[in-house]
Every structure is written in C-alpha cells, then in structure tokens.
file work_36.cif (mmCIF, C-alpha atoms and all ligand atoms)
data_data
#
loop_
_atom_site.group_PDB
_atom_site.id
_atom_site.type_symbol
_atom_site.label_atom_id
_atom_site.label_comp_id
_atom_site.auth_asym_id
_atom_site.auth_seq_id
_atom_site.Cartn_x
_atom_site.Cartn_y
_atom_site.Cartn_z
ATOM 1 C CA MET A 70 -20.525 30.015 -157.732
ATOM 2 C CA ASN A 71 -21.893 31.887 -160.737
ATOM 3 C CA ASN A 72 -20.365 33.701 -163.666
ATOM 4 C CA ARG A 73 -20.310 37.035 -161.856
ATOM 5 C CA TYR A 74 -18.312 35.870 -158.859
ATOM 6 C CA TRP A 75 -15.692 33.405 -159.853
ATOM 7 C CA ALA A 76 -12.793 32.439 -157.636
ATOM 8 C CA PHE A 77 -10.548 30.211 -159.717
ATOM 9 C CA GLU A 78 -10.533 27.139 -157.521
ATOM 10 C CA SER A 79 -9.268 25.080 -160.464
ATOM 11 C CA ILE A 80 -6.191 27.317 -160.730
ATOM 12 C CA ARG A 81 -5.640 27.458 -156.985
ATOM 13 C CA ASN A 82 -3.138 25.072 -155.415
ATOM 14 C CA PRO A 83 -3.528 25.045 -151.625
ATOM 15 C CA SER A 84 -0.657 22.524 -151.444
ATOM 16 C CA CYS A 85 1.744 24.874 -153.255
ATOM 17 C CA ARG A 86 5.314 24.736 -151.909
ATOM 18 C CA LYS A 87 6.983 26.701 -154.717
ATOM 19 C CA CYS A 88 8.308 29.380 -152.377
ATOM 20 C CA ARG A 89 8.750 29.963 -148.630
ATOM 21 C CA LEU A 90 5.490 31.871 -148.144
ATOM 22 C CA TYR A 91 3.379 28.739 -147.595
ATOM 23 C CA ARG A 92 5.127 28.324 -144.225
ATOM 24 C CA THR A 93 3.696 31.531 -142.745
ATOM 25 C CA ALA A 94 0.500 32.152 -144.762
ATOM 26 C CA GLN A 95 -2.828 31.296 -143.137
ATOM 27 C CA VAL A 96 -4.333 30.677 -146.572
ATOM 28 C CA VAL A 97 -2.055 29.197 -149.244
ATOM 29 C CA CYS A 98 -2.672 30.303 -152.841
ATOM 30 C CA LEU A 99 -5.439 32.855 -152.463
ATOM 31 C CA VAL A 100 -6.369 33.511 -156.083
ATOM 32 C CA GLY A 101 -8.520 36.280 -157.517
ATOM 33 C CA VAL A 102 -12.244 36.906 -157.568
ATOM 34 C CA GLY A 103 -14.545 38.434 -160.182
ATOM 35 C CA PRO A 104 -16.453 37.742 -163.369
ATOM 36 C CA ARG A 105 -14.873 35.107 -165.627
ATOM 37 C CA ASN A 106 -14.900 37.248 -168.732
ATOM 38 C CA ALA A 107 -14.206 40.615 -167.124
ATOM 39 C CA LYS A 108 -12.878 43.241 -169.527
ATOM 40 C CA GLY A 109 -10.895 44.757 -166.695
ATOM 41 C CA MET A 110 -8.581 43.210 -164.165
ATOM 42 C CA VAL A 111 -6.958 44.801 -161.117
ATOM 43 C CA ILE A 112 -3.658 43.349 -159.922
ATOM 44 C CA GLY A 113 -2.096 44.276 -156.586
ATOM 45 C CA GLU A 114 0.819 42.981 -154.582
ATOM 46 C CA ALA A 115 -0.198 40.243 -152.129
ATOM 47 C CA PRO A 116 -2.978 39.436 -149.651
ATOM 48 C CA GLY A 117 -2.883 40.862 -146.141
ATOM 49 C CA TYR A 118 -4.549 39.930 -142.847
ATOM 50 C CA ARG A 119 -8.081 40.903 -143.859
ATOM 51 C CA GLU A 120 -7.746 39.219 -147.245
ATOM 52 C CA GLU A 121 -6.767 35.964 -145.556
ATOM 53 C CA GLU A 122 -9.655 36.311 -143.135
ATOM 54 C CA LEU A 123 -12.230 36.858 -145.884
ATOM 55 C CA ARG A 124 -10.354 34.795 -148.520
ATOM 56 C CA LYS A 125 -10.734 37.612 -150.999
ATOM 57 C CA PRO A 126 -8.145 40.014 -152.498
ATOM 58 C CA PHE A 127 -8.480 43.686 -151.563
ATOM 59 C CA ALA A 128 -10.949 43.108 -148.737
ATOM 60 C CA GLY A 129 -9.324 45.527 -146.242
ATOM 61 C CA LYS A 130 -8.576 49.268 -146.140
ATOM 62 C CA SER A 131 -6.748 49.276 -149.488
ATOM 63 C CA GLY A 132 -9.719 47.471 -150.999
ATOM 64 C CA LYS A 133 -12.143 50.089 -149.703
ATOM 65 C CA LEU A 134 -10.069 52.846 -151.313
ATOM 66 C CA LEU A 135 -9.812 50.817 -154.517
ATOM 67 C CA ASP A 136 -13.604 50.416 -154.616
ATOM 68 C CA ARG A 137 -14.060 54.196 -154.203
ATOM 69 C CA VAL A 138 -11.580 55.033 -156.945
ATOM 70 C CA LEU A 139 -13.149 52.496 -159.307
ATOM 71 C CA LEU A 140 -16.576 54.053 -158.675
ATOM 72 C CA ASP A 141 -15.103 57.521 -159.345
ATOM 73 C CA VAL A 142 -14.220 56.360 -162.862
ATOM 74 C CA GLY A 143 -17.586 54.638 -163.348
ATOM 75 C CA LEU A 144 -16.509 51.082 -162.580
ATOM 76 C CA ASN A 145 -18.175 48.747 -160.125
ATOM 77 C CA ARG A 146 -15.849 46.366 -158.301
ATOM 78 C CA LYS A 147 -18.271 43.521 -159.151
ATOM 79 C CA ASP A 148 -17.484 43.987 -162.849
ATOM 80 C CA VAL A 149 -13.709 43.626 -162.599
ATOM 81 C CA PHE A 150 -11.545 40.652 -161.713
ATOM 82 C CA VAL A 151 -9.297 41.429 -158.752
ATOM 83 C CA THR A 152 -6.139 39.523 -157.880
ATOM 84 C CA ASN A 153 -2.484 39.862 -156.802
ATOM 85 C CA VAL A 154 0.986 39.069 -158.191
ATOM 86 C CA VAL A 155 1.581 36.870 -155.142
ATOM 87 C CA CYS A 156 -1.157 34.598 -153.740
ATOM 88 C CA CYS A 157 0.229 34.085 -150.205
ATOM 89 C CA ARG A 158 0.515 36.737 -147.501
ATOM 90 C CA PRO A 159 4.162 37.691 -146.832
ATOM 91 C CA PRO A 160 5.168 37.839 -143.141
ATOM 92 C CA ASN A 161 4.423 41.256 -141.589
ATOM 93 C CA ASN A 162 2.974 42.307 -144.955
ATOM 94 C CA ARG A 163 6.446 42.919 -146.373
ATOM 95 C CA THR A 164 6.880 43.396 -150.126
ATOM 96 C CA PRO A 165 7.164 40.025 -151.889
ATOM 97 C CA GLU A 166 10.726 39.031 -152.910
ATOM 98 C CA PRO A 167 11.531 38.581 -156.622
ATOM 99 C CA ASP A 168 11.808 34.772 -156.246
ATOM 100 C CA GLU A 169 8.375 34.654 -154.572
ATOM 101 C CA ILE A 170 6.900 36.720 -157.408
ATOM 102 C CA SER A 171 8.497 34.377 -159.982
ATOM 103 C CA ALA A 172 7.241 31.290 -158.140
ATOM 104 C CA CYS A 173 3.683 32.663 -158.212
ATOM 105 C CA ASN A 174 3.794 33.806 -161.842
ATOM 106 C CA GLU A 175 2.235 30.556 -163.057
ATOM 107 C CA TYR A 176 -0.951 31.259 -161.054
ATOM 108 C CA LEU A 177 -1.101 34.886 -162.164
ATOM 109 C CA MET A 178 -0.697 34.014 -165.850
ATOM 110 C CA LYS A 179 -3.325 31.258 -165.618
ATOM 111 C CA GLN A 180 -5.778 33.788 -164.174
ATOM 112 C CA ILE A 181 -4.974 36.328 -166.902
ATOM 113 C CA GLU A 182 -5.366 33.668 -169.614
ATOM 114 C CA ALA A 183 -8.656 32.453 -168.159
ATOM 115 C CA VAL A 184 -10.208 35.923 -167.815
ATOM 116 C CA GLY A 185 -8.636 37.462 -170.946
ATOM 117 C CA PRO A 186 -8.905 41.095 -169.813
ATOM 118 C CA LYS A 187 -8.470 43.951 -172.274
ATOM 119 C CA TYR A 188 -7.279 46.312 -169.562
ATOM 120 C CA ILE A 189 -5.242 45.570 -166.459
ATOM 121 C CA LEU A 190 -4.829 48.109 -163.669
ATOM 122 C CA ALA A 191 -1.410 47.393 -162.136
ATOM 123 C CA LEU A 192 -1.144 48.710 -158.575
ATOM 124 C CA GLY A 193 2.397 49.393 -157.381
ATOM 125 C CA THR A 194 5.882 48.474 -158.512
ATOM 126 C CA PRO A 195 5.749 44.648 -158.207
ATOM 127 C CA ALA A 196 2.594 44.493 -160.351
ATOM 128 C CA VAL A 197 3.972 46.907 -162.956
ATOM 129 C CA GLN A 198 7.287 45.024 -163.170
ATOM 130 C CA THR A 199 5.578 41.640 -163.448
ATOM 131 C CA LEU A 200 3.022 42.697 -166.053
ATOM 132 C CA THR A 201 5.405 44.623 -168.303
ATOM 133 C CA GLY A 202 8.326 42.203 -167.851
ATOM 134 C CA LYS A 203 10.542 45.218 -167.090
ATOM 135 C CA LYS A 204 12.331 44.346 -163.884
ATOM 136 C CA ALA A 205 13.871 47.777 -163.256
ATOM 137 C CA ILE A 206 10.727 49.850 -163.786
ATOM 138 C CA LYS A 207 9.403 51.834 -160.780
ATOM 139 C CA ILE A 208 5.836 53.044 -160.329
ATOM 140 C CA SER A 209 7.135 56.530 -159.407
ATOM 141 C CA LYS A 210 8.506 56.817 -162.971
ATOM 142 C CA VAL A 211 5.587 55.347 -164.920
ATOM 143 C CA GLN A 212 2.535 56.278 -162.845
ATOM 144 C CA ASP A 213 -0.588 56.866 -164.961
ATOM 145 C CA SER A 214 0.844 55.263 -168.109
ATOM 146 C CA VAL A 215 -0.583 52.714 -170.522
ATOM 147 C CA LEU A 216 1.920 49.986 -171.370
ATOM 148 C CA PRO A 217 1.723 46.725 -173.346
ATOM 149 C CA GLY A 218 0.859 43.770 -171.110
ATOM 150 C CA PRO A 219 0.429 39.983 -171.316
ATOM 151 C CA ASN A 220 -2.014 38.371 -173.768
ATOM 152 C CA GLY A 221 -2.433 41.580 -175.791
ATOM 153 C CA SER A 222 -3.744 43.482 -172.759
ATOM 154 C CA GLN A 223 -3.057 47.126 -171.982
ATOM 155 C CA VAL A 224 -1.586 47.792 -168.567
ATOM 156 C CA VAL A 225 -2.671 50.990 -166.821
ATOM 157 C CA THR A 226 -0.295 51.892 -164.005
ATOM 158 C CA SER A 227 -1.054 53.416 -160.622
ATOM 159 C CA TYR A 228 0.396 53.792 -157.153
ATOM 160 C CA HIS A 229 -0.845 51.109 -154.775
ATOM 161 C CA PRO A 230 -3.774 52.242 -152.562
ATOM 162 C CA ALA A 231 -1.769 51.249 -149.445
ATOM 163 C CA TYR A 232 0.891 53.784 -150.488
ATOM 164 C CA ILE A 233 -1.761 56.491 -150.927
ATOM 165 C CA LEU A 234 -3.197 55.648 -147.485
ATOM 166 C CA ARG A 235 0.283 55.971 -145.961
ATOM 167 C CA LYS A 236 1.018 59.251 -147.764
ATOM 168 C CA PRO A 237 -2.313 60.984 -148.331
ATOM 169 C CA VAL A 238 -2.239 64.106 -150.531
ATOM 170 C CA TYR A 239 -4.821 66.734 -149.605
HETATM 171 N N1 LIG B 301 -2.848 44.868 -150.918
HETATM 172 C C1 LIG B 301 -2.664 44.136 -152.031
HETATM 173 O O1 LIG B 301 -1.750 44.370 -152.791
HETATM 174 N N2 LIG B 301 -3.510 43.159 -152.266
HETATM 175 C C2 LIG B 301 -4.521 42.866 -151.484
HETATM 176 O O2 LIG B 301 -5.261 41.943 -151.797
HETATM 177 C C3 LIG B 301 -4.704 43.650 -150.336
HETATM 178 C C4 LIG B 301 -3.847 44.640 -150.063
#

call {"tool": "encode", "arguments": {"input": "work_36.cif", "output": "structure tokens", "more": "lines below"}}
Ligand code: URA
result
Amino acid sequence: MNNRYWAFESIRNPSCRKCRLYRTAQVVCLVGVGPRNAKGMVIGEAPGYREEELRKPFAGKSGKLLDRVLLDVGLNRKDVFVTNVVCCRPPNNRTPEPDEISACNEYLMKQIEAVGPKYILALGTPAVQTLTGKKAIKISKVQDSVLPGPNGSQVVTSYHPAYILRKPVY
C-alpha cells in the first residue's frame, strides 16, 4: 500500500468490542482510506452494505454523489482521506446511537491525528456534532458553515449525500 492509498490498518481493530455493532457488522472497524498527509478529509456517518463489500468508505451511491460534488469543486477523491464517525455498519443502516459514536471516537481521532487535515468536510448531523463537540447542533441549522474542528482543523458542514439522494432538489 503506497502513500496515496492508505487504509490505516495499524489503527484498525477488527477485534473491537467497544459497542454492540460488532455483533451485526460483516466487517468490524472499517477505517478510512486516502493519502496519509491529505490536506482534506471527508467524514460521513457509518459504512453501509456496499462499503462492507468493498471494505472502503463511501463506495456506494452516496460515494458516487460525493465523488461528483468533489469534482465540481475541483477536488479528486484520490486526494482526500475519506472515513466515517462510526467504523461498523449499523443494522438496517440506521443512524448510529450516541454511545456507538462515543465508542468509536478513539478510532476517528487517531485517523485525524495521523492525517492532520487542514479542512474536514463533515457530512450530516452525527459528523458535525462529533467534530465540533456540540451535541445539540443540527446540520439543518449549520449547513454550509466553517466551524473550528479537532487538531486546529476547519470543519466545513454539509448535508449527507444520502439525504440529498432521498430528497433531491431540482
Ligand atoms: N454513508 C456514510 O455515511 N458513509 C459511508 O461510508 C457510506 C454511506
């Protein structure tokens, strides 16, 4: 694995039992992928079916939309590190519970520390809450904002692509 495509196997803990999600996930502790020293990081919610299958965050329909939107603003997916607040797929793709997000925080922070991004694109409410530390914040109230994030990063906020796919605006 080279510097451009780095899945953090050293951070990953496939034996993790810190929350209930290991019982139902097909892949336990699916960490992010991207260049080690990426300036930009994208953080979503949790892996889904396709992500488990390909062992890569944002590999399904949401990922395709993400790739298009990144290209629209001049960014290639290969140049950003992409991960999730929760590393195991929740049953039926439900939103991760607060205790599951807390249990997984160690893995998220290790990835952020290792990559050291300047900018983090937070997709959806769980990512925005986790990265700003503001537990009551909702993406509908802070969409398209720049907020202070971990490790001196700047957090850019957006609706999650899955939400856009469910409620397209033409
Ligand atoms: N949705 C997410 O939040 N993350 C993924 O990896 C895929 C879909």

call {"tool": "closest_atom_pairs", "arguments": {"input": "work_36.cif", "of": "chain A", "to": "ligand LIG 301 (chain B)", "cutoff": "8 Å", "atoms": "all atoms listed in the file", "output": "Markdown table"}}
result
| residue | atom | partner | partner_atom | distance |
| --- | --- | --- | --- | --- |
| A:Ile112 | CA | B:LIG301 | O1 | 7.5 |
| A:Gly113 | CA | B:LIG301 | O1 | 3.8 |
| A:Glu114 | CA | B:LIG301 | O1 | 3.4 |
| A:Ala115 | CA | B:LIG301 | N2 | 4.4 |
| A:Pro116 | CA | B:LIG301 | O2 | 4.0 |
| A:Gly117 | CA | B:LIG301 | C3 | 5.4 |
| A:Arg119 | CA | B:LIG301 | C3 | 7.8 |
| A:Glu120 | CA | B:LIG301 | O2 | 5.9 |
| A:Lys125 | CA | B:LIG301 | O2 | 7.0 |
| A:Pro126 | CA | B:LIG301 | O2 | 3.5 |
| A:Phe127 | CA | B:LIG301 | O2 | 3.7 |
| A:Ala128 | CA | B:LIG301 | C3 | 6.5 |
| A:Gly129 | CA | B:LIG301 | C3 | 6.5 |
| A:Lys130 | CA | B:LIG301 | C4 | 7.7 |
| A:Ser131 | CA | B:LIG301 | C4 | 5.5 |
| A:Gly132 | CA | B:LIG301 | C3 | 6.3 |
| A:Thr152 | CA | B:LIG301 | O2 | 6.6 |
| A:Asn153 | CA | B:LIG301 | N2 | 5.7 |
| A:Leu192 | CA | B:LIG301 | O1 | 7.3 |
| A:Gly193 | CA | B:LIG301 | O1 | 8.0 |
| A:His229 | CA | B:LIG301 | O1 | 7.1 |
| A:Pro230 | CA | B:LIG301 | N1 | 7.6 |
| A:Ala231 | CA | B:LIG301 | N1 | 6.6 |

call {"tool": "closest_atom_pairs", "arguments": {"input": "work_36.cif", "of": "region 110-228 of chain A", "to": "region 79-88 of chain A", "cutoff": "10 Å", "atoms": "only C-alpha atoms", "output": "JSON lines"}}
result
{"residue": "A:Cys156", "atom": "CA", "partner": "A:Arg81", "partner_atom": "CA", "distance": 9.0}
{"residue": "A:Cys157", "atom": "CA", "partner": "A:Cys88", "partner_atom": "CA", "distance": 9.6}
{"residue": "A:Glu166", "atom": "CA", "partner": "A:Cys88", "partner_atom": "CA", "distance": 10.0}
{"residue": "A:Asp168", "atom": "CA", "partner": "A:Cys88", "partner_atom": "CA", "distance": 7.5}
{"residue": "A:Glu169", "atom": "CA", "partner": "A:Cys88", "partner_atom": "CA", "distance": 5.7}
{"residue": "A:Ile170", "atom": "CA", "partner": "A:Cys88", "partner_atom": "CA", "distance": 9.0}
{"residue": "A:Ser171", "atom": "CA", "partner": "A:Cys88", "partner_atom": "CA", "distance": 9.1}
{"residue": "A:Ala172", "atom": "CA", "partner": "A:Lys87", "partner_atom": "CA", "distance": 5.7}
{"residue": "A:Cys173", "atom": "CA", "partner": "A:Lys87", "partner_atom": "CA", "distance": 7.7}
{"residue": "A:Glu175", "atom": "CA", "partner": "A:Ile80", "partner_atom": "CA", "distance": 9.3}
{"residue": "A:Tyr176", "atom": "CA", "partner": "A:Ile80", "partner_atom": "CA", "distance": 6.6}
{"residue": "A:Leu177", "atom": "CA", "partner": "A:Ile80", "partner_atom": "CA", "distance": 9.2}
{"residue": "A:Lys179", "atom": "CA", "partner": "A:Ile80", "partner_atom": "CA", "distance": 6.9}
{"residue": "A:Gln180", "atom": "CA", "partner": "A:Ile80", "partner_atom": "CA", "distance": 7.3}
{"residue": "A:Ala183", "atom": "CA", "partner": "A:Ile80", "partner_atom": "CA", "distance": 9.4}

call {"tool": "write_last_selection", "arguments": {"input": "work_36.cif", "atoms": "C-alpha atoms", "output": "short mmCIF file (atom, residue, chain, number, x, y, z; two decimals), in the frame of the given file"}}
result
data_model
loop_
_atom_site.label_atom_id
_atom_site.label_comp_id
_atom_site.auth_asym_id
_atom_site.auth_seq_id
_atom_site.Cartn_x
_atom_site.Cartn_y
_atom_site.Cartn_z
CA CYS A 156 -1.16 34.60 -153.74
CA CYS A 157 0.23 34.08 -150.21
CA GLU A 166 10.73 39.03 -152.91
CA ASP A 168 11.81 34.77 -156.25
CA GLU A 169 8.38 34.65 -154.57
CA ILE A 170 6.90 36.72 -157.41
CA SER A 171 8.50 34.38 -159.98
CA ALA A 172 7.24 31.29 -158.14
CA CYS A 173 3.68 32.66 -158.21
CA GLU A 175 2.24 30.56 -163.06
CA TYR A 176 -0.95 31.26 -161.05
CA LEU A 177 -1.10 34.89 -162.16
CA LYS A 179 -3.32 31.26 -165.62
CA GLN A 180 -5.78 33.79 -164.17
CA ALA A 183 -8.66 32.45 -168.16
#

call {"tool": "closest_residue", "arguments": {"input": "work_36.cif", "among": "A:Asn161, A:Gln212, A:Arg146, A:Ala196", "to": "Leu134 (chain A)", "atoms": "only C-alpha atoms"}}
result
A:Arg146

call {"tool": "closest_residue", "arguments": {"input": "work_36.cif", "among": "A:Val102, A:Thr93, A:Pro167, A:Met110", "to": "Leu139 (chain A)", "atoms": "all atoms listed in the file"}}
result
A:Met110

call {"tool": "resolve_selection", "arguments": {"input": "work_36.cif", "expression": "the PyMOL selection byres (((chain A and resi 227) around 10) and not hetatm)", "output": "mmCIF file with C-alpha atoms, keeping the file's coordinate frame"}}
result
data_model
loop_
_atom_site.group_PDB
_atom_site.id
_atom_site.type_symbol
_atom_site.label_atom_id
_atom_site.label_comp_id
_atom_site.auth_asym_id
_atom_site.auth_seq_id
_atom_site.Cartn_x
_atom_site.Cartn_y
_atom_site.Cartn_z
ATOM 1 C CA LEU A 190 -4.829 48.109 -163.669
ATOM 2 C CA ALA A 191 -1.410 47.393 -162.136
ATOM 3 C CA LEU A 192 -1.144 48.710 -158.575
ATOM 4 C CA GLY A 193 2.397 49.393 -157.381
ATOM 5 C CA THR A 194 5.882 48.474 -158.512
ATOM 6 C CA ALA A 196 2.594 44.493 -160.351
ATOM 7 C CA VAL A 197 3.972 46.907 -162.956
ATOM 8 C CA ILE A 208 5.836 53.044 -160.329
ATOM 9 C CA SER A 209 7.135 56.530 -159.407
ATOM 10 C CA VAL A 211 5.587 55.347 -164.920
ATOM 11 C CA GLN A 212 2.535 56.278 -162.845
ATOM 12 C CA ASP A 213 -0.588 56.866 -164.961
ATOM 13 C CA SER A 214 0.844 55.263 -168.109
ATOM 14 C CA VAL A 215 -0.583 52.714 -170.522
ATOM 15 C CA VAL A 224 -1.586 47.792 -168.567
ATOM 16 C CA VAL A 225 -2.671 50.990 -166.821
ATOM 17 C CA THR A 226 -0.295 51.892 -164.005
ATOM 18 C CA TYR A 228 0.396 53.792 -157.153
ATOM 19 C CA HIS A 229 -0.845 51.109 -154.775
ATOM 20 C CA PRO A 230 -3.774 52.242 -152.562
#

call {"tool": "closest_residue", "arguments": {"input": "work_36.cif", "among": "A:Lys187, A:Arg92, A:Arg105, A:Arg163", "to": "Ser222 (chain A)", "atoms": "only C-alpha atoms"}}
result
A:Lys187

call {"tool": "atom_distance", "arguments": {"input": "work_36.cif", "atom1": "CA of Asp141 (chain A)", "atom2": "CA of Arg158 (chain A)"}}
result
28.6 Å

call {"tool": "closest_residue", "arguments": {"input": "work_36.cif", "among": "A:Phe150, A:Val111, A:Gln223, A:Asp136", "to": "Val184 (chain A)", "atoms": "only C-alpha atoms"}}
result
A:Phe150

call {"tool": "axis_aligned_box", "arguments": {"input": "work_36.cif", "around": "region 77-84 of chain A", "padding_each_side": "3 Å", "output": "JSON"}}
result
{"center_x": -5.6, "center_y": 26.4, "center_z": -156.1, "size_x": 15.9, "size_y": 13.7, "size_z": 15.3}

call {"tool": "atom_distance", "arguments": {"input": "work_36.cif", "atom1": "CA of Pro160 (chain A)", "atom2": "CA of Cys98 (chain A)"}}
result
14.6 Å

call {"tool": "resolve_selection", "arguments": {"input": "work_36.cif", "expression": "the PyMOL selection byres (((chain A and resi 200) around 9) and not hetatm)", "output": "PDB file with C-alpha atoms, keeping the file's coordinate frame"}}
result
ATOM      1  CA  VAL A 154       0.986  39.069-158.191  1.00  0.00           C
ATOM      2  CA  ILE A 189      -5.242  45.570-166.459  1.00  0.00           C
ATOM      3  CA  ALA A 191      -1.410  47.393-162.136  1.00  0.00           C
ATOM      4  CA  PRO A 195       5.749  44.648-158.207  1.00  0.00           C
ATOM      5  CA  ALA A 196       2.594  44.493-160.351  1.00  0.00           C
ATOM      6  CA  VAL A 197       3.972  46.907-162.956  1.00  0.00           C
ATOM      7  CA  GLN A 198       7.287  45.024-163.170  1.00  0.00           C
ATOM      8  CA  THR A 199       5.578  41.640-163.448  1.00  0.00           C
ATOM      9  CA  THR A 201       5.405  44.623-168.303  1.00  0.00           C
ATOM     10  CA  GLY A 202       8.326  42.203-167.851  1.00  0.00           C
ATOM     11  CA  LYS A 203      10.542  45.218-167.090  1.00  0.00           C
ATOM     12  CA  PRO A 217       1.723  46.725-173.346  1.00  0.00           C
ATOM     13  CA  GLY A 218       0.859  43.770-171.110  1.00  0.00           C
ATOM     14  CA  PRO A 219       0.429  39.983-171.316  1.00  0.00           C
ATOM     15  CA  VAL A 224      -1.586  47.792-168.567  1.00  0.00           C
TER      16      VAL A 224
END

call {"tool": "atom_distance", "arguments": {"input": "work_36.cif", "atom1": "CA of Val142 (chain A)", "atom2": "CA of Ile181 (chain A)"}}
result
22.4 Å

call {"tool": "closest_residue", "arguments": {"input": "work_36.cif", "among": "A:Val100, A:Tyr188, A:Val151, A:Arg235", "to": "Asn174 (chain A)", "atoms": "only C-alpha atoms"}}
result
A:Val100
